[in-house]
Amino acid sequence: MATEVASNSEILSSPEQPSRINSLSSNDDCIELMTRAYAKVILHAAKYPHASVNGVLLAKLPSKGEKIGSKLVLIDAIPLFHQTEGLSPMLEVALTQIESRTASIGYGIAGFYHASRHFRDTSVDIFSQRIADRIADLSPFGRTALLTVDNRKISLNLQNHSLLGQMFIGNSEGTGRWRTIAKDHIRVEDDMTFAVTSQLLQTRGYKDLSDFDNHLDDVSIDYLNVSLNIEIDKAS
């Protein structure tokens, strides 16, 4: 059991956030994605262009007493579904498992992403909105991201991110609201993020990505995507 815990920690952990992330100007309501998070979101959408896909986004849990800033840095993404629509018991199972496995290494669920099966559709469907609301209610970050993939912006040679974003901003009264985030307030780690993601798309690296739906079909399949995490980290 100790060996398994150590393995999980090594698999999920990312290197310390590089200075280039911290050096970015801290605009209000800013969302930043590390390379691993962005690449896995795009690969998930690319693997199932015929389906609606979704997943959760992870951030580092704040230390006790740490002030939560306006910038939300998303470190990793865990793909959930490509064939399950609507709220279901499997969603509860997935969120519970992910929360348990990531909390042990200091990560928490900080957002939700989705891509429509319809090429031009960038609206937020009711299913995605309800999951995002649920995550926002439970979030320890005070802020929660809801990212929509714009399928029209995905290509084999990415130059810009292909995301539309909203952020839930909580308040001291335990309530809050969703705000649309300007495109230039959604940022990726650096230009290497686009290079790494483009290379994975060109080599069909999305075939190596597994989501929770795959795991439900065969429990031996790793929805944490160990091998892919290592590949992305080495290339970044």
# chains A, B, ... in the order shown; residues from 1 in each chain; ligands from 1
>>> closest_atom_pairs(of="segment 113-226 of chain A", to="segment 50-60 of chain A", cutoff="7 Å", atoms="only C-alpha atoms", output="JSON lines")
{"residue": "A:Tyr113", "atom": "CA", "partner": "A:Asn54", "partner_atom": "CA", "distance": 5.4}
{"residue": "A:His114", "atom": "CA", "partner": "A:Asn54", "partner_atom": "CA", "distance": 4.1}
{"residue": "A:Ala115", "atom": "CA", "partner": "A:Val53", "partner_atom": "CA", "distance": 5.3}
{"residue": "A:Ser116", "atom": "CA", "partner": "A:Ser52", "partner_atom": "CA", "distance": 4.5}
{"residue": "A:Arg117", "atom": "CA", "partner": "A:Ala51", "partner_atom": "CA", "distance": 4.4}
>>> residues_around(residues="segment 203-216 of chain A", least_positions_apart="4", cutoff="9 Å", atoms="only C-alpha atoms", output="list in words")
Lys40, Ile42, Leu43, His44, Ala45, Ala46, Lys47, Gly55, Ile78, Pro79, Leu80, Phe81, His82, Gln83, Thr84, Met90, Ala94, Ser198, Gln199, Ser220, Ile221, Asp222, Tyr223, Leu224, Asn225, Ser227 and Leu228 of chain A
>>> write_last_selection(atoms="C-alpha atoms", output="PDB file, in the first residue's frame")
ATOM      1  CA  LYS A  40      -4.656  17.020 -21.923  1.00  0.00           C
ATOM      2  CA  ILE A  42      -6.993  19.546 -26.154  1.00  0.00           C
ATOM      3  CA  LEU A  43      -6.010  15.895 -26.604  1.00  0.00           C
ATOM      4  CA  HIS A  44      -9.265  14.761 -25.006  1.00  0.00           C
ATOM      5  CA  ALA A  45     -11.284  16.861 -27.454  1.00  0.00           C
ATOM      6  CA  ALA A  46      -9.159  15.638 -30.381  1.00  0.00           C
ATOM      7  CA  LYS A  47      -9.533  11.973 -29.469  1.00  0.00           C
ATOM      8  CA  GLY A  55     -13.084  16.640 -17.316  1.00  0.00           C
ATOM      9  CA  ILE A  78      -8.215  14.656 -15.511  1.00  0.00           C
ATOM     10  CA  PRO A  79     -10.476  13.547 -18.396  1.00  0.00           C
ATOM     11  CA  LEU A  80     -13.890  12.277 -17.292  1.00  0.00           C
ATOM     12  CA  PHE A  81     -16.401  11.310 -19.958  1.00  0.00           C
ATOM     13  CA  HIS A  82     -16.992  11.050 -23.688  1.00  0.00           C
ATOM     14  CA  GLN A  83     -20.079   8.856 -23.757  1.00  0.00           C
ATOM     15  CA  THR A  84     -21.934   9.650 -20.544  1.00  0.00           C
ATOM     16  CA  MET A  90     -20.709   7.605 -12.152  1.00  0.00           C
ATOM     17  CA  ALA A  94     -15.377   9.925 -10.382  1.00  0.00           C
ATOM     18  CA  SER A 198       0.945  20.474 -31.456  1.00  0.00           C
ATOM     19  CA  GLN A 199       3.538  17.720 -31.512  1.00  0.00           C
ATOM     20  CA  SER A 220      -7.056  -1.608 -15.416  1.00  0.00           C
ATOM     21  CA  ILE A 221      -7.020   1.509 -17.623  1.00  0.00           C
ATOM     22  CA  ASP A 222      -5.418   4.466 -15.873  1.00  0.00           C
ATOM     23  CA  TYR A 223      -7.503   7.635 -16.140  1.00  0.00           C
ATOM     24  CA  LEU A 224      -4.703   9.540 -14.369  1.00  0.00           C
ATOM     25  CA  ASN A 225      -2.661   9.050 -17.549  1.00  0.00           C
ATOM     26  CA  SER A 227       2.651   7.663 -19.139  1.00  0.00           C
ATOM     27  CA  LEU A 228       1.201  10.686 -20.887  1.00  0.00           C
TER      28      LEU A 228
END
>>> select_by_dssp(residues="segment 119-201 of chain A", states="helix (DSSP H, G or I)", output="PyMOL selection string")
chain A and resi 126-138+151-153+183-185+191-201
>>> write_last_selection(atoms="N, CA and C atoms", output="PDB file, in the first residue's frame")
ATOM      1  N   ILE A 126     -26.455  22.529 -20.039  1.00  0.00           N
ATOM      2  CA  ILE A 126     -26.966  22.450 -18.663  1.00  0.00           C
ATOM      3  C   ILE A 126     -26.154  21.478 -17.819  1.00  0.00           C
ATOM      4  N   PHE A 127     -25.782  20.325 -18.410  1.00  0.00           N
ATOM      5  CA  PHE A 127     -24.996  19.321 -17.703  1.00  0.00           C
ATOM      6  C   PHE A 127     -23.675  19.911 -17.219  1.00  0.00           C
ATOM      7  N   SER A 128     -22.945  20.589 -18.119  1.00  0.00           N
ATOM      8  CA  SER A 128     -21.653  21.174 -17.758  1.00  0.00           C
ATOM      9  C   SER A 128     -21.814  22.271 -16.710  1.00  0.00           C
ATOM     10  N   GLN A 129     -22.845  23.083 -16.856  1.00  0.00           N
ATOM     11  CA  GLN A 129     -23.059  24.172 -15.904  1.00  0.00           C
ATOM     12  C   GLN A 129     -23.350  23.636 -14.506  1.00  0.00           C
ATOM     13  N   ARG A 130     -24.140  22.574 -14.426  1.00  0.00           N
ATOM     14  CA  ARG A 130     -24.466  22.024 -13.115  1.00  0.00           C
ATOM     15  C   ARG A 130     -23.253  21.413 -12.431  1.00  0.00           C
ATOM     16  N   ILE A 131     -22.407  20.744 -13.206  1.00  0.00           N
ATOM     17  CA  ILE A 131     -21.190  20.183 -12.612  1.00  0.00           C
ATOM     18  C   ILE A 131     -20.280  21.313 -12.144  1.00  0.00           C
ATOM     19  N   ALA A 132     -20.129  22.345 -12.976  1.00  0.00           N
ATOM     20  CA  ALA A 132     -19.294  23.484 -12.594  1.00  0.00           C
ATOM     21  C   ALA A 132     -19.835  24.153 -11.330  1.00  0.00           C
ATOM     22  N   ASP A 133     -21.152  24.285 -11.227  1.00  0.00           N
ATOM     23  CA  ASP A 133     -21.762  24.863 -10.021  1.00  0.00           C
ATOM     24  C   ASP A 133     -21.448  24.009  -8.797  1.00  0.00           C
ATOM     25  N   ARG A 134     -21.508  22.705  -8.989  1.00  0.00           N
ATOM     26  CA  ARG A 134     -21.222  21.788  -7.882  1.00  0.00           C
ATOM     27  C   ARG A 134     -19.775  21.940  -7.417  1.00  0.00           C
ATOM     28  N   ILE A 135     -18.860  21.997  -8.362  1.00  0.00           N
ATOM     29  CA  ILE A 135     -17.445  22.156  -8.027  1.00  0.00           C
ATOM     30  C   ILE A 135     -17.222  23.497  -7.334  1.00  0.00           C
ATOM     31  N   ALA A 136     -17.892  24.538  -7.814  1.00  0.00           N
ATOM     32  CA  ALA A 136     -17.749  25.861  -7.210  1.00  0.00           C
ATOM     33  C   ALA A 136     -18.233  25.860  -5.759  1.00  0.00           C
ATOM     34  N   ASP A 137     -19.314  25.150  -5.494  1.00  0.00           N
ATOM     35  CA  ASP A 137     -19.858  25.084  -4.130  1.00  0.00           C
ATOM     36  C   ASP A 137     -18.872  24.432  -3.166  1.00  0.00           C
ATOM     37  N   LEU A 138     -18.108  23.478  -3.675  1.00  0.00           N
ATOM     38  CA  LEU A 138     -17.187  22.717  -2.827  1.00  0.00           C
ATOM     39  C   LEU A 138     -15.755  23.232  -2.875  1.00  0.00           C
ATOM     40  N   ASN A 151     -13.739  24.170 -30.699  1.00  0.00           N
ATOM     41  CA  ASN A 151     -13.210  23.170 -31.623  1.00  0.00           C
ATOM     42  C   ASN A 151     -12.649  23.785 -32.907  1.00  0.00           C
ATOM     43  N   ARG A 152     -13.183  24.928 -33.299  1.00  0.00           N
ATOM     44  CA  ARG A 152     -12.742  25.568 -34.539  1.00  0.00           C
ATOM     45  C   ARG A 152     -11.311  26.063 -34.448  1.00  0.00           C
ATOM     46  N   LYS A 153     -10.800  26.241 -33.238  1.00  0.00           N
ATOM     47  CA  LYS A 153      -9.457  26.794 -33.051  1.00  0.00           C
ATOM     48  C   LYS A 153      -8.395  25.712 -32.863  1.00  0.00           C
ATOM     49  N   LYS A 183     -10.487  36.686 -23.264  1.00  0.00           N
ATOM     50  CA  LYS A 183      -9.585  35.712 -23.884  1.00  0.00           C
ATOM     51  C   LYS A 183      -8.129  35.932 -23.476  1.00  0.00           C
ATOM     52  N   ASP A 184      -7.701  37.200 -23.373  1.00  0.00           N
ATOM     53  CA  ASP A 184      -6.309  37.465 -23.018  1.00  0.00           C
ATOM     54  C   ASP A 184      -6.040  37.314 -21.525  1.00  0.00           C
ATOM     55  N   HIS A 185      -7.081  37.003 -20.745  1.00  0.00           N
ATOM     56  CA  HIS A 185      -6.887  36.701 -19.334  1.00  0.00           C
ATOM     57  C   HIS A 185      -6.865  35.194 -19.090  1.00  0.00           C
ATOM     58  N   ASP A 191       5.174  29.559 -24.673  1.00  0.00           N
ATOM     59  CA  ASP A 191       5.006  29.112 -26.062  1.00  0.00           C
ATOM     60  C   ASP A 191       5.276  27.624 -26.234  1.00  0.00           C
ATOM     61  N   MET A 192       6.077  27.044 -25.356  1.00  0.00           N
ATOM     62  CA  MET A 192       6.350  25.607 -25.440  1.00  0.00           C
ATOM     63  C   MET A 192       5.074  24.793 -25.252  1.00  0.00           C
ATOM     64  N   THR A 193       4.110  25.359 -24.549  1.00  0.00           N
ATOM     65  CA  THR A 193       2.844  24.661 -24.355  1.00  0.00           C
ATOM     66  C   THR A 193       2.195  24.357 -25.700  1.00  0.00           C
ATOM     67  N   PHE A 194       2.191  25.334 -26.604  1.00  0.00           N
ATOM     68  CA  PHE A 194       1.612  25.125 -27.925  1.00  0.00           C
ATOM     69  C   PHE A 194       2.455  24.150 -28.748  1.00  0.00           C
ATOM     70  N   ALA A 195       3.770  24.244 -28.608  1.00  0.00           N
ATOM     71  CA  ALA A 195       4.663  23.349 -29.358  1.00  0.00           C
ATOM     72  C   ALA A 195       4.480  21.902 -28.914  1.00  0.00           C
ATOM     73  N   VAL A 196       4.412  21.682 -27.614  1.00  0.00           N
ATOM     74  CA  VAL A 196       4.245  20.332 -27.079  1.00  0.00           C
ATOM     75  C   VAL A 196       2.896  19.757 -27.482  1.00  0.00           C
ATOM     76  N   THR A 197       1.848  20.558 -27.340  1.00  0.00           N
ATOM     77  CA  THR A 197       0.504  20.094 -27.687  1.00  0.00           C
ATOM     78  C   THR A 197       0.390  19.812 -29.181  1.00  0.00           C
ATOM     79  N   SER A 198       0.968  20.684 -30.006  1.00  0.00           N
ATOM     80  CA  SER A 198       0.945  20.474 -31.456  1.00  0.00           C
ATOM     81  C   SER A 198       1.648  19.186 -31.836  1.00  0.00           C
ATOM     82  N   GLN A 199       2.791  18.939 -31.219  1.00  0.00           N
ATOM     83  CA  GLN A 199       3.538  17.720 -31.512  1.00  0.00           C
ATOM     84  C   GLN A 199       2.736  16.476 -31.156  1.00  0.00           C
ATOM     85  N   LEU A 200       2.043  16.517 -30.023  1.00  0.00           N
ATOM     86  CA  LEU A 200       1.218  15.384 -29.614  1.00  0.00           C
ATOM     87  C   LEU A 200       0.041  15.178 -30.569  1.00  0.00           C
ATOM     88  N   LEU A 201      -0.519  16.260 -31.068  1.00  0.00           N
ATOM     89  CA  LEU A 201      -1.610  16.139 -32.033  1.00  0.00           C
ATOM     90  C   LEU A 201      -1.099  15.544 -33.352  1.00  0.00           C
TER      91      LEU A 201
END
>>> residues_around(residues="segment 140-142 of chain A", least_positions_apart="2", cutoff="9 Å", atoms="only C-alpha atoms", output="PyMOL selection string")
chain A and resi 59+61-62+68+72+108-110+136-138+144+168-171
>>> write_last_selection(atoms="N, CA and C atoms", output="short mmCIF file (atom, residue, chain, number, x, y, z; two decimals), in the first residue's frame")
data_model
loop_
_atom_site.label_atom_id
_atom_site.label_comp_id
_atom_site.auth_asym_id
_atom_site.auth_seq_id
_atom_site.Cartn_x
_atom_site.Cartn_y
_atom_site.Cartn_z
N ALA A 59 -5.73 22.33 -9.21
CA ALA A 59 -4.83 23.40 -8.77
C ALA A 59 -4.23 23.00 -7.43
N LEU A 61 -3.63 23.14 -3.65
CA LEU A 61 -4.43 23.60 -2.52
C LEU A 61 -3.70 24.69 -1.74
N PRO A 62 -4.39 25.74 -1.32
CA PRO A 62 -3.74 26.80 -0.55
C PRO A 62 -3.33 26.31 0.83
N ILE A 68 -5.82 33.90 -0.80
CA ILE A 68 -6.15 33.45 -2.15
C ILE A 68 -6.22 34.65 -3.08
N LEU A 72 -5.92 32.08 -10.89
CA LEU A 72 -6.13 30.65 -10.66
C LEU A 72 -5.20 29.88 -11.60
N GLY A 108 -6.34 20.06 -5.51
CA GLY A 108 -7.79 20.05 -5.37
C GLY A 108 -8.45 20.34 -6.71
N ILE A 109 -9.72 19.99 -6.81
CA ILE A 109 -10.46 20.24 -8.04
C ILE A 109 -10.82 21.72 -8.09
N ALA A 110 -10.33 22.40 -9.13
CA ALA A 110 -10.49 23.85 -9.22
C ALA A 110 -11.28 24.28 -10.44
N ALA A 136 -17.89 24.54 -7.81
CA ALA A 136 -17.75 25.86 -7.21
C ALA A 136 -18.23 25.86 -5.76
N ASP A 137 -19.31 25.15 -5.49
CA ASP A 137 -19.86 25.08 -4.13
C ASP A 137 -18.87 24.43 -3.17
N LEU A 138 -18.11 23.48 -3.68
CA LEU A 138 -17.19 22.72 -2.83
C LEU A 138 -15.75 23.23 -2.88
N THR A 144 -13.40 29.23 -9.18
CA THR A 144 -13.53 28.00 -9.95
C THR A 144 -13.59 28.34 -11.43
N PHE A 168 -16.02 31.42 -11.44
CA PHE A 168 -16.92 31.65 -10.32
C PHE A 168 -16.11 32.31 -9.22
N ILE A 169 -16.58 33.45 -8.76
CA ILE A 169 -15.87 34.20 -7.73
C ILE A 169 -16.73 34.24 -6.48
N GLY A 170 -16.25 33.57 -5.45
CA GLY A 170 -17.01 33.51 -4.21
C GLY A 170 -16.81 34.76 -3.37
N ASN A 171 -17.58 34.87 -2.30
CA ASN A 171 -17.43 36.00 -1.38
C ASN A 171 -17.55 35.51 0.06
#
>>> select_by_dssp(residues="chain A", states="strand (DSSP E)", output="PyMOL selection string")
chain A and resi 30-33+53-60+71-74+76-81+107-115+143-149+163-170+176-181+186-188
>>> atom_distance(atom1="atom CA of Thr148 of chain A", atom2="atom CA of Ser104 of chain A")
28.2 Å
>>> closest_residue(among="A:Asp125, A:Arg143, A:Thr96, A:Leu163", to="Thr175 of chain A", atoms="only C-alpha atoms")
A:Arg143
